[in-house]
Amino acid sequence: MTWIGPIGVGVVQGLLFFWPVAALTIALRLFRFPDISIEGSFLLGACVFATGAEHGLSPLLAIIWAVCIAACVGAMTATAHAALGINKFLAGILLTAACYSLALRIAGASNIGLLSYVTPFDRLRDWNASSLGTSFDFASFGFLLLIVMSAALVFSRILSSRMGLRLRVGAVGGLPAVNLHVSHAPRLAVGLAGTAALSGLGGAMIAMRQGFFDVNMHQGVLIIALASMALGEHLAGTQRLPVVSGALISAALGSIVYQVIVALAIRIGADPVDIKLITTALVLVTLVFGRRASFRHAVKEL
Amino acid sequence: MNTKKRISIAIFFVLLVLVFTAYILKRSHKSEQTIVIATLVSHPILDAVQKGCLAELREHGFGEPETRIVFKNANGQINDTAIIANSLPSEHPSLIIAISTPMSQAIASAHLTVPLVFGAVTDPVGARLVPSLGNAATGNITGTSDAVPYEAVLHLIKRITPKVERLGIIYNPGEAAAQYGIKELKRLTPNLGITLVEGAISTSNDVGPVAENLSSRCDAILLSGDNTAVGGINGALKVAFDHKRPLYAPDSGTVEKGAMAAVSVDYEALGRETGKLAIRMLQGERNIPVYVTSGDAIFLNSEGAARMGCDIPADVRKDAVKVFDHLSQ
């Protein structure tokens, strides 16, 4: 039984981290843009949500604000690269740095507590406790699963449509875009605004879930997103899947598996010092034995 | 290739076995009561709090092996605090001790029914952990605050260097402790006839260059009580020695390293107070007000002062809890 708790906690955290992971995966795999500024949009999303909540906005309205402002970050990164000719990495780094100052300005403090603010998660938890009576919060889990799945469906439809195809070709740029007469800069701006909005949504939901915004909460998000993406692509075997659904499936799978691993490592960790070591070991084990094909291969080798 | 693969697989198995043994060993000695101590990251100040707290618990019969004490550490990853907070129910704790602001907020917002004692939270009201320091509206949350007593710090500055008119403050605006400090200093300095000159940093490496910049415009420099500023003390010291500017610090450890003077929070003592609150909670007491350090302990460094070209008046020396006479590295 003691294993179920951390797995459940990890899955919920994974569903929350799906948003920044999906943002990075779509930007990198579909738009060929290694968008470092997802850390900035994540932070700004959390910041705008917390500030809005502090000023008495409803959770939905605060999230809408957060998503819109985060989207601007992506659009600016794209403009810096496509219109001003700044290197992709540098554009992302500059925007992330700017977001840090902006977040401090907007929030007016480095940390905003939301403990007295009633979020949908609080309502779901109370409902879960009164109606289902389980210690694991199935209501929040179901709610998150539902929105992640519906969002994944919607995005895969949009990105696979004719319009989505033009967007992807334009965002990648180069000869195909020229041949098809689709413009590069505006489409890249729209594409990255979309992925930044996802990342900002993730930031807002994570701030909501953990009950506070902190100006350092974006640190490590890029690494987590990269690790989750790579893990997901390995486990899902993306080369056999269509490119759009492959990206979304690997983002969801990778994010959930990675966060479950972190939760298990925290649960196992006899000494907190070893947590990162245990995480590393678990990720390696998952990578080696995760795919059935490679598992069979490994067994044959032994 | 094949041998390589086999070796790596063997290593994974060994690691797996190690992990499981650690887990089983941990599960095997069960006792009736569990206390969880959760912290954001290991660093000197937070570790001192934890040490003091554990010592207090042990002396009152709440140490191992009578009580199972579980340590959780987010290793500096703020987003992992939520994982830790939400997985705590599976440990069945009787009490949770949370050290640092984000960890305390994450646990408080998980709405566990278990009493929570926070330690070393600079501004518990601003962090929304409690409605007010004395107020007991949230019955099963209390803790200790490590707010640097800036009023006492400014009075000490006036006593040692009465001619100071422009005071440079080095701080990281990204830390809650610094935000609190700046707010306090802006409120207090006008009454003392001091002009505050702000020098913002974002990493400890910025401390040296910012101190250099401030030294030409200020009579004295103060480090804010945030981890980034304190971490860059050596950069500030070099500037203070080179330009003969008095450098004041927020804690005793920094004075030991060479800063001239501080009115300090004793973090181990703060940990002991945190432990005392935890014991009162375990004994069933609720609605306990937050403990705020009185922080009137003055620490001086005579060697540091000499190298900054300052004389510490004899009456200040007499009031000091400790005068260091060398620089520790």
# chains A, B, ... in the order shown; residues from 1 in each chain; ligands from 1
call {"tool": "interface_residues", "arguments": {"of": "chain B", "to": "chain A", "cutoff": "9 Å", "atoms": "only C-alpha atoms", "output": "PyMOL selection string"}}
result
chain B and resi 2+5-6+9+12-13+15-16+19-20+22-23+25-26+42+70-75+77-91+101-102+105-111+126-129+173-180
call {"tool": "select_by_dssp", "arguments": {"residues": "region 139-248 of chain A", "states": "helix (DSSP H, G or I)", "output": "ChimeraX atom specification"}}
result
/A:139-160,162-172,175-179,185-210,221-236,238-240,243-248
call {"tool": "closest_residue", "arguments": {"among": "A:Thr25, A:Thr96, A:Ser150, A:Ser156", "to": "Leu44 (chain A)", "atoms": "only C-alpha atoms"}}
result
A:Thr96
call {"tool": "closest_residue", "arguments": {"among": "B:Leu167, B:Val230, B:Ala211, B:Ile279", "to": "His43 (chain B)", "atoms": "only C-alpha atoms"}}
result
B:Val230
call {"tool": "atom_distance", "arguments": {"atom1": "CA of Ala247 (chain A)", "atom2": "CA of Val48 (chain A)"}}
result
28.0 Å
call {"tool": "atom_distance", "arguments": {"atom1": "CA of Gly232 (chain A)", "atom2": "CA of Gly203 (chain A)"}}
result
20.6 Å
call {"tool": "closest_residue", "arguments": {"among": "B:Glu273, B:Asp266, B:Asp251, B:Asp123", "to": "Gly231 (chain B)", "atoms": "only C-alpha atoms"}}
result
B:Asp251
